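**Student:** Next comes the structure file data-v8.txt, holding compact mmCIF, N, CA and C atoms.
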```txt
# COMPACT_ATOMS: atom_id res chain seq x y z
N MET A 1302 12.60 21.43 -14.25
CA MET A 1302 12.02 20.99 -12.99
C MET A 1302 13.08 20.14 -12.28
N THR A 1303 13.51 20.55 -11.12
CA THR A 1303 14.57 19.83 -10.42
C THR A 1303 14.03 18.70 -9.56
N VAL A 1304 12.78 18.75 -9.19
CA VAL A 1304 12.16 17.71 -8.37
C VAL A 1304 10.91 17.25 -9.09
N GLY A 1305 10.76 15.95 -9.25
CA GLY A 1305 9.54 15.42 -9.86
C GLY A 1305 9.63 15.37 -11.37
N GLY A 1306 8.51 15.61 -12.02
CA GLY A 1306 8.43 15.53 -13.47
C GLY A 1306 7.65 14.30 -13.89
N ASN A 1307 7.19 14.30 -15.14
CA ASN A 1307 6.36 13.20 -15.64
C ASN A 1307 7.09 11.86 -15.65
N LYS A 1308 8.35 11.87 -16.12
CA LYS A 1308 9.10 10.61 -16.18
C LYS A 1308 9.33 10.07 -14.77
N ALA A 1309 9.71 10.93 -13.84
CA ALA A 1309 9.94 10.48 -12.47
C ALA A 1309 8.66 9.89 -11.88
N LEU A 1310 7.52 10.53 -12.15
CA LEU A 1310 6.25 10.02 -11.64
C LEU A 1310 5.90 8.69 -12.30
N SER A 1311 6.08 8.59 -13.61
CA SER A 1311 5.81 7.33 -14.32
C SER A 1311 6.68 6.20 -13.79
N ASP A 1312 7.97 6.48 -13.57
CA ASP A 1312 8.88 5.48 -13.01
C ASP A 1312 8.46 5.08 -11.61
N PHE A 1313 8.02 6.06 -10.82
CA PHE A 1313 7.57 5.79 -9.45
C PHE A 1313 6.37 4.85 -9.48
N PHE A 1314 5.36 5.16 -10.31
CA PHE A 1314 4.19 4.29 -10.41
C PHE A 1314 4.56 2.90 -10.92
N ALA A 1315 5.54 2.82 -11.81
CA ALA A 1315 5.97 1.52 -12.34
C ALA A 1315 6.50 0.63 -11.22
N ASN A 1316 7.14 1.23 -10.21
CA ASN A 1316 7.63 0.46 -9.06
C ASN A 1316 6.50 -0.21 -8.30
N TYR A 1317 5.30 0.31 -8.41
CA TYR A 1317 4.15 -0.24 -7.71
C TYR A 1317 3.29 -1.12 -8.60
N ASN A 1318 3.69 -1.28 -9.84
CA ASN A 1318 2.90 -2.07 -10.79
C ASN A 1318 1.45 -1.62 -10.81
N ILE A 1319 1.25 -0.31 -10.72
CA ILE A 1319 -0.11 0.22 -10.74
C ILE A 1319 -0.60 0.17 -12.19
N PRO A 1320 -1.64 -0.62 -12.44
CA PRO A 1320 -2.10 -0.79 -13.82
C PRO A 1320 -2.75 0.49 -14.36
N ALA A 1321 -2.54 0.70 -15.65
CA ALA A 1321 -3.11 1.88 -16.30
C ALA A 1321 -4.62 1.75 -16.44
N ASP A 1322 -5.14 0.52 -16.40
CA ASP A 1322 -6.57 0.30 -16.62
C ASP A 1322 -7.33 0.08 -15.30
N LEU A 1323 -7.03 0.90 -14.32
CA LEU A 1323 -7.77 0.80 -13.07
C LEU A 1323 -9.25 1.10 -13.30
N PRO A 1324 -10.15 0.54 -12.50
CA PRO A 1324 -11.56 0.87 -12.65
C PRO A 1324 -11.78 2.38 -12.49
N SER A 1325 -12.85 2.87 -13.08
CA SER A 1325 -13.08 4.31 -13.09
C SER A 1325 -13.23 4.90 -11.69
N ASN A 1326 -13.62 4.09 -10.72
CA ASN A 1326 -13.78 4.63 -9.36
C ASN A 1326 -12.48 4.59 -8.57
N ILE A 1327 -11.41 4.09 -9.18
CA ILE A 1327 -10.09 4.10 -8.54
C ILE A 1327 -9.12 4.78 -9.50
N SER A 1328 -8.34 5.68 -9.01
CA SER A 1328 -7.36 6.37 -9.82
C SER A 1328 -5.98 6.14 -9.25
N LYS A 1329 -4.98 6.00 -10.12
CA LYS A 1329 -3.62 5.84 -9.62
C LYS A 1329 -3.19 7.07 -8.84
N TYR A 1330 -3.84 8.20 -9.09
CA TYR A 1330 -3.51 9.43 -8.37
C TYR A 1330 -4.17 9.48 -6.99
N LYS A 1331 -5.03 8.52 -6.70
CA LYS A 1331 -5.71 8.47 -5.39
C LYS A 1331 -5.26 7.25 -4.60
N THR A 1332 -4.01 6.84 -4.82
CA THR A 1332 -3.44 5.72 -4.08
C THR A 1332 -2.53 6.26 -2.98
N ARG A 1333 -2.20 5.39 -2.06
CA ARG A 1333 -1.28 5.78 -0.98
C ARG A 1333 0.10 6.10 -1.54
N ALA A 1334 0.50 5.41 -2.60
CA ALA A 1334 1.79 5.70 -3.23
C ALA A 1334 1.79 7.12 -3.80
N ALA A 1335 0.70 7.49 -4.48
CA ALA A 1335 0.62 8.83 -5.05
C ALA A 1335 0.63 9.90 -3.95
N GLN A 1336 -0.04 9.63 -2.85
CA GLN A 1336 -0.05 10.59 -1.73
C GLN A 1336 1.36 10.76 -1.18
N TYR A 1337 2.07 9.65 -1.03
CA TYR A 1337 3.46 9.71 -0.56
C TYR A 1337 4.29 10.56 -1.52
N TYR A 1338 4.14 10.31 -2.83
CA TYR A 1338 4.91 11.03 -3.84
C TYR A 1338 4.63 12.54 -3.75
N ARG A 1339 3.35 12.92 -3.63
CA ARG A 1339 3.00 14.34 -3.52
C ARG A 1339 3.64 14.96 -2.27
N ASP A 1340 3.52 14.26 -1.15
CA ASP A 1340 4.09 14.78 0.10
C ASP A 1340 5.61 14.93 -0.01
N ARG A 1341 6.25 13.92 -0.60
CA ARG A 1341 7.71 13.95 -0.73
C ARG A 1341 8.16 15.09 -1.63
N ILE A 1342 7.51 15.25 -2.78
CA ILE A 1342 7.88 16.31 -3.72
C ILE A 1342 7.74 17.69 -3.06
N LYS A 1343 6.66 17.86 -2.32
CA LYS A 1343 6.42 19.15 -1.66
C LYS A 1343 7.56 19.50 -0.70
N ILE A 1344 7.99 18.54 0.09
CA ILE A 1344 9.05 18.77 1.09
C ILE A 1344 10.41 18.93 0.40
N VAL A 1345 10.73 18.03 -0.53
CA VAL A 1345 12.02 18.07 -1.20
C VAL A 1345 12.17 19.36 -2.02
N ALA A 1346 11.09 19.84 -2.60
CA ALA A 1346 11.14 21.08 -3.37
C ALA A 1346 11.53 22.27 -2.49
N GLU A 1347 11.27 22.15 -1.20
CA GLU A 1347 11.66 23.20 -0.26
C GLU A 1347 13.11 23.06 0.17
N GLY A 1348 13.81 22.03 -0.35
CA GLY A 1348 15.20 21.80 0.00
C GLY A 1348 15.40 21.10 1.32
N ILE A 1349 14.38 20.39 1.78
CA ILE A 1349 14.43 19.70 3.07
C ILE A 1349 14.41 18.19 2.82
N ASN A 1350 15.19 17.46 3.59
CA ASN A 1350 15.19 15.99 3.48
C ASN A 1350 13.85 15.44 3.93
N TYR A 1351 13.30 14.53 3.14
CA TYR A 1351 12.04 13.88 3.47
C TYR A 1351 12.37 12.55 4.13
N GLU A 1352 11.96 12.39 5.37
CA GLU A 1352 12.38 11.26 6.18
C GLU A 1352 11.38 10.10 6.21
N ALA A 1353 10.16 10.28 5.74
CA ALA A 1353 9.15 9.21 5.84
C ALA A 1353 9.51 8.05 4.92
N PRO A 1354 9.32 6.82 5.38
CA PRO A 1354 9.62 5.67 4.53
C PRO A 1354 8.60 5.53 3.41
N GLN A 1355 9.07 5.06 2.27
CA GLN A 1355 8.18 4.84 1.12
C GLN A 1355 7.26 3.67 1.45
N PRO A 1356 5.97 3.77 1.10
CA PRO A 1356 5.06 2.66 1.41
C PRO A 1356 5.43 1.42 0.61
N SER A 1357 5.15 0.26 1.20
CA SER A 1357 5.39 -1.00 0.50
C SER A 1357 4.46 -1.09 -0.70
N GLN A 1358 4.73 -2.05 -1.58
CA GLN A 1358 3.86 -2.22 -2.74
C GLN A 1358 2.44 -2.55 -2.32
N GLU A 1359 2.29 -3.39 -1.29
CA GLU A 1359 0.95 -3.78 -0.85
C GLU A 1359 0.16 -2.57 -0.34
N ILE A 1360 0.81 -1.70 0.40
CA ILE A 1360 0.15 -0.52 0.95
C ILE A 1360 0.02 0.57 -0.12
N GLY A 1361 1.05 0.73 -0.95
CA GLY A 1361 1.07 1.79 -1.95
C GLY A 1361 -0.06 1.74 -2.95
N ILE A 1362 -0.52 0.55 -3.29
CA ILE A 1362 -1.58 0.45 -4.30
C ILE A 1362 -2.98 0.62 -3.72
N LEU A 1363 -3.08 0.70 -2.40
CA LEU A 1363 -4.40 0.87 -1.80
C LEU A 1363 -4.93 2.26 -2.06
N PRO A 1364 -6.23 2.36 -2.33
CA PRO A 1364 -6.82 3.69 -2.55
C PRO A 1364 -6.92 4.44 -1.23
N ILE A 1365 -6.90 5.76 -1.34
CA ILE A 1365 -7.09 6.58 -0.15
C ILE A 1365 -8.46 7.22 -0.21
N GLU A 1366 -9.06 7.39 0.94
CA GLU A 1366 -10.35 8.05 1.03
C GLU A 1366 -10.12 9.56 1.02
N GLU A 1367 -11.10 10.32 0.60
CA GLU A 1367 -10.96 11.77 0.51
C GLU A 1367 -10.53 12.40 1.83
N GLU A 1368 -11.07 11.92 2.96
CA GLU A 1368 -10.71 12.53 4.25
C GLU A 1368 -9.29 12.18 4.67
N GLU A 1369 -8.66 11.20 4.01
CA GLU A 1369 -7.30 10.80 4.34
C GLU A 1369 -6.26 11.49 3.47
N ARG A 1370 -6.66 12.32 2.54
CA ARG A 1370 -5.77 12.86 1.54
C ARG A 1370 -4.63 13.68 2.12
N LYS A 1371 -4.79 14.20 3.32
CA LYS A 1371 -3.74 15.00 3.93
C LYS A 1371 -3.17 14.28 5.14
N PHE A 1372 -2.00 13.69 4.97
CA PHE A 1372 -1.31 13.06 6.09
C PHE A 1372 -0.53 14.14 6.83
N PRO A 1373 -0.32 13.98 8.12
CA PRO A 1373 0.52 14.95 8.82
C PRO A 1373 1.92 14.90 8.24
N GLU A 1374 2.56 16.06 8.17
CA GLU A 1374 3.90 16.10 7.62
C GLU A 1374 4.84 15.35 8.54
N PRO A 1375 5.75 14.55 7.96
CA PRO A 1375 6.71 13.84 8.79
C PRO A 1375 7.72 14.81 9.38
N PRO A 1376 8.42 14.39 10.42
CA PRO A 1376 9.43 15.28 10.98
C PRO A 1376 10.48 15.60 9.92
N ARG A 1377 10.90 16.83 9.88
CA ARG A 1377 11.92 17.25 8.93
C ARG A 1377 13.26 17.18 9.62
N GLN A 1378 14.28 16.86 8.85
CA GLN A 1378 15.60 16.71 9.44
C GLN A 1378 16.09 18.05 9.96
N GLN A 1379 16.45 18.09 11.20
CA GLN A 1379 16.95 19.30 11.85
C GLN A 1379 18.47 19.27 11.78
N THR A 1380 19.08 20.34 11.27
CA THR A 1380 20.52 20.32 11.09
C THR A 1380 21.29 20.99 12.22
N GLU A 1381 20.66 21.86 12.96
CA GLU A 1381 21.38 22.52 14.05
C GLU A 1381 20.41 22.87 15.16
N GLN A 1382 20.96 23.10 16.34
CA GLN A 1382 20.13 23.43 17.49
C GLN A 1382 19.64 24.87 17.34
N SER A 1383 18.36 25.08 17.56
CA SER A 1383 17.82 26.43 17.45
C SER A 1383 18.09 27.21 18.72
N SER A 1384 18.04 28.52 18.58
CA SER A 1384 18.29 29.38 19.75
C SER A 1384 17.13 29.29 20.73
N SER A 1385 16.02 28.72 20.31
CA SER A 1385 14.87 28.63 21.21
C SER A 1385 14.94 27.38 22.09
N GLY A 1386 16.09 26.68 22.10
CA GLY A 1386 16.25 25.53 22.97
C GLY A 1386 15.78 24.23 22.35
N PHE A 1387 16.11 24.01 21.10
CA PHE A 1387 15.74 22.78 20.41
C PHE A 1387 16.22 21.57 21.20
N SER A 1388 15.38 20.59 21.33
CA SER A 1388 15.72 19.39 22.09
C SER A 1388 15.55 18.16 21.21
N TRP A 1389 16.67 17.45 20.98
CA TRP A 1389 16.61 16.23 20.18
C TRP A 1389 15.70 15.20 20.83
N SER A 1390 15.77 15.06 22.15
CA SER A 1390 14.96 14.05 22.81
C SER A 1390 13.47 14.36 22.68
N LYS A 1391 13.11 15.63 22.78
CA LYS A 1391 11.70 16.01 22.62
C LYS A 1391 11.25 15.76 21.19
N THR A 1392 12.09 16.12 20.23
CA THR A 1392 11.74 15.91 18.82
C THR A 1392 11.62 14.43 18.51
N PHE A 1393 12.59 13.64 19.01
CA PHE A 1393 12.54 12.20 18.77
C PHE A 1393 11.30 11.59 19.41
N GLY A 1394 11.01 12.00 20.64
CA GLY A 1394 9.82 11.48 21.32
C GLY A 1394 8.55 11.82 20.56
N SER A 1395 8.46 13.05 20.07
CA SER A 1395 7.29 13.45 19.28
C SER A 1395 7.20 12.66 17.99
N ALA A 1396 8.34 12.48 17.34
CA ALA A 1396 8.36 11.73 16.08
C ALA A 1396 7.96 10.28 16.32
N LEU A 1397 8.45 9.70 17.41
CA LEU A 1397 8.11 8.32 17.74
C LEU A 1397 6.61 8.18 18.00
N THR A 1398 6.06 9.09 18.78
CA THR A 1398 4.63 9.05 19.08
C THR A 1398 3.82 9.19 17.80
N MET A 1399 4.22 10.16 16.96
CA MET A 1399 3.49 10.37 15.71
C MET A 1399 3.57 9.12 14.83
N THR A 1400 4.74 8.50 14.76
CA THR A 1400 4.93 7.30 13.96
C THR A 1400 4.06 6.16 14.47
N GLN A 1401 4.01 6.00 15.79
CA GLN A 1401 3.17 4.95 16.37
C GLN A 1401 1.71 5.20 16.06
N ASN A 1402 1.26 6.44 16.17
CA ASN A 1402 -0.14 6.77 15.87
C ASN A 1402 -0.46 6.53 14.40
N ILE A 1403 0.46 6.92 13.53
CA ILE A 1403 0.24 6.71 12.10
C ILE A 1403 0.20 5.21 11.80
N GLY A 1404 1.11 4.45 12.42
CA GLY A 1404 1.14 3.01 12.22
C GLY A 1404 -0.17 2.35 12.61
N LYS A 1405 -0.73 2.77 13.74
CA LYS A 1405 -2.01 2.22 14.19
C LYS A 1405 -3.13 2.59 13.22
N LYS A 1406 -3.13 3.86 12.76
CA LYS A 1406 -4.16 4.29 11.81
C LYS A 1406 -4.04 3.50 10.50
N ILE A 1407 -2.81 3.28 10.05
CA ILE A 1407 -2.60 2.52 8.81
C ILE A 1407 -3.09 1.09 8.98
N ALA A 1408 -2.75 0.47 10.10
CA ALA A 1408 -3.19 -0.90 10.34
C ALA A 1408 -4.72 -0.99 10.38
N ASP A 1409 -5.36 -0.06 11.08
CA ASP A 1409 -6.82 -0.06 11.16
C ASP A 1409 -7.45 0.17 9.79
N LYS A 1410 -6.92 1.14 9.06
CA LYS A 1410 -7.48 1.47 7.75
C LYS A 1410 -7.23 0.34 6.76
N THR A 1411 -6.05 -0.28 6.83
CA THR A 1411 -5.73 -1.39 5.93
C THR A 1411 -6.71 -2.54 6.14
N LYS A 1412 -7.00 -2.82 7.40
CA LYS A 1412 -7.97 -3.88 7.69
C LYS A 1412 -9.34 -3.52 7.13
N GLU A 1413 -9.74 -2.26 7.31
CA GLU A 1413 -11.04 -1.81 6.81
C GLU A 1413 -11.08 -1.88 5.28
N ILE A 1414 -10.03 -1.39 4.64
CA ILE A 1414 -9.99 -1.36 3.18
C ILE A 1414 -9.97 -2.77 2.60
N SER A 1415 -9.24 -3.67 3.27
CA SER A 1415 -9.12 -5.03 2.73
C SER A 1415 -10.48 -5.74 2.68
N GLN A 1416 -11.45 -5.25 3.41
CA GLN A 1416 -12.78 -5.85 3.41
C GLN A 1416 -13.68 -5.31 2.30
N LYS A 1417 -13.24 -4.24 1.63
CA LYS A 1417 -14.07 -3.64 0.58
C LYS A 1417 -14.11 -4.57 -0.64
N PRO A 1418 -15.27 -4.67 -1.27
CA PRO A 1418 -15.42 -5.58 -2.42
C PRO A 1418 -14.44 -5.30 -3.56
N ILE A 1419 -14.17 -4.04 -3.87
CA ILE A 1419 -13.27 -3.72 -4.99
C ILE A 1419 -11.86 -4.21 -4.69
N VAL A 1420 -11.44 -4.12 -3.45
CA VAL A 1420 -10.10 -4.57 -3.07
C VAL A 1420 -10.04 -6.09 -3.13
N GLN A 1421 -11.10 -6.74 -2.65
CA GLN A 1421 -11.13 -8.20 -2.72
C GLN A 1421 -11.15 -8.68 -4.17
N GLU A 1422 -11.85 -7.92 -5.02
CA GLU A 1422 -11.89 -8.26 -6.45
C GLU A 1422 -10.50 -8.17 -7.07
N TRP A 1423 -9.79 -7.06 -6.78
CA TRP A 1423 -8.44 -6.88 -7.33
C TRP A 1423 -7.48 -7.91 -6.75
N GLU A 1424 -7.66 -8.27 -5.50
CA GLU A 1424 -6.81 -9.30 -4.90
C GLU A 1424 -7.03 -10.63 -5.61
N ALA A 1425 -8.28 -10.96 -5.89
CA ALA A 1425 -8.60 -12.21 -6.59
C ALA A 1425 -7.99 -12.20 -8.00
N LYS A 1426 -8.12 -11.06 -8.71
CA LYS A 1426 -7.55 -10.95 -10.05
C LYS A 1426 -6.03 -11.10 -10.01
N THR A 1427 -5.41 -10.51 -9.01
CA THR A 1427 -3.96 -10.59 -8.87
C THR A 1427 -3.53 -12.03 -8.63
N LYS A 1428 -4.26 -12.72 -7.76
CA LYS A 1428 -3.94 -14.12 -7.48
C LYS A 1428 -4.11 -14.98 -8.73
N GLN A 1429 -5.17 -14.70 -9.51
CA GLN A 1429 -5.39 -15.45 -10.74
C GLN A 1429 -4.25 -15.23 -11.73
N ALA A 1430 -3.85 -13.96 -11.88
CA ALA A 1430 -2.77 -13.63 -12.81
C ALA A 1430 -1.47 -14.29 -12.37
N PHE A 1431 -1.20 -14.27 -11.08
CA PHE A 1431 0.01 -14.89 -10.57
C PHE A 1431 -0.02 -16.40 -10.79
N SER A 1432 -1.15 -17.02 -10.50
CA SER A 1432 -1.28 -18.47 -10.71
C SER A 1432 -1.09 -18.83 -12.17
N ALA A 1433 -1.66 -18.03 -13.06
CA ALA A 1433 -1.52 -18.28 -14.50
C ALA A 1433 -0.05 -18.16 -14.92
N ALA A 1434 0.63 -17.18 -14.37
CA ALA A 1434 2.06 -16.98 -14.69
C ALA A 1434 2.88 -18.16 -14.18
N VAL A 1435 2.58 -18.64 -13.01
CA VAL A 1435 3.29 -19.80 -12.46
C VAL A 1435 3.06 -21.02 -13.34
N GLU A 1436 1.82 -21.23 -13.76
CA GLU A 1436 1.50 -22.37 -14.62
C GLU A 1436 2.25 -22.30 -15.95
N LYS A 1437 2.37 -21.08 -16.50
CA LYS A 1437 3.08 -20.93 -17.78
C LYS A 1437 4.56 -21.26 -17.62
N THR A 1438 5.12 -20.95 -16.46
CA THR A 1438 6.53 -21.26 -16.26
C THR A 1438 6.77 -22.76 -16.11
N LYS A 1439 5.72 -23.50 -15.75
CA LYS A 1439 5.85 -24.95 -15.60
C LYS A 1439 5.78 -25.66 -16.93
N GLU A 1440 5.24 -24.99 -17.94
CA GLU A 1440 5.06 -25.63 -19.26
C GLU A 1440 6.36 -25.80 -19.99
```
Spell out the structure here as structure tokens.
**Tutor:**
Amino acid sequence: MTVGGNKALSDFFANYNIPADLPSNISKYKTRAAQYYRDRIKIVAEGINYEAPQPSQEIGILPIEEEERKFPEPPRQQTEQSSSGFSWSKTFGSALTMTQNIGKKIADKTKEISQKPIVQEWEAKTKQAFSAAVEKTKE
């Protein structure tokens, strides 16, 4: 397998500190990071550069809703002008508009998700674990 694989996926999830013991209603495979990984593998396997930025750790660990599972494909890197009159300015403008729309959707959804009890619970647990770690370093 030239793209992906179990070790690559495990290493990718390790970058997000996604715990193996997530609650049964949340799966590491249903996170924004996992969605990004699936989208990237699909595009890279076709031999095309994947241009979308990797989600931050804070965004990557958020669960995705079923209706959100399919993000629009990011613009693919164009290597030459097509005979049909390819326009860099049109492509850039479209990419910019799409990026702005996605950014707004992410901000809206992040705000909505942050209000969910399970997210608030995990945030509280994370803060507790961090505080405990800080206290241990003071000892």
**Student:** So what do you get for atom N of Thr1400 of chain A versus atom N of Gly1348 of chain A, distance-wise?
**Tutor:**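 Separation of atom N of Thr1400 of chain A and atom N of Gly1348 of chain A: 22.2 Å.
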**Student:** A:Lys1410, A:Lys1437, A:Lys1308, A:Lys1405: which is nearest Arg1333 of chain A, counting only C-alpha atoms?
**Tutor:**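 Under the stated criterion, the closest residue is A:Lys1410.
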**Student:** Work out how far atom N of Leu1310 of chain A is from atom CA of Lys1412 of chain A, in Å to one decimal.
**Tutor:**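 Computing it gives 29.0 Å between the two atoms.
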**Student:** Name the closest residue to Ile1419 of chain A among the candidates A:Ala1335, A:Pro1364, A:Gly1306, A:Lys1439; distances are taken between atoms, counting only C-alpha atoms.
**Tutor:**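 Using only C-alpha atoms, Ile1419 of chain A sits closest to A:Pro1364.
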**Student:** Using the file's own x, y and z axes, what box holds all listed atoms of segment 1394-1410 of chain A with 3 Å on each side, keeping edges along x, y and z, and what are its centre and edge lengths in Å to one decimal, as AutoDock Vina command-line options?
**Tutor:**
```
--center_x 1.8 --center_y 6.2 --center_z 14.0 --size_x 24.5 --size_y 20.4 --size_z 20.6
```
**Student:** Do you have the atom N of Arg1339 of chain A-atom N of Asn1316 of chain A distance handy?
**Tutor:**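 Result for atom N of Arg1339 of chain A versus atom N of Asn1316 of chain A: 13.9 Å, one decimal.
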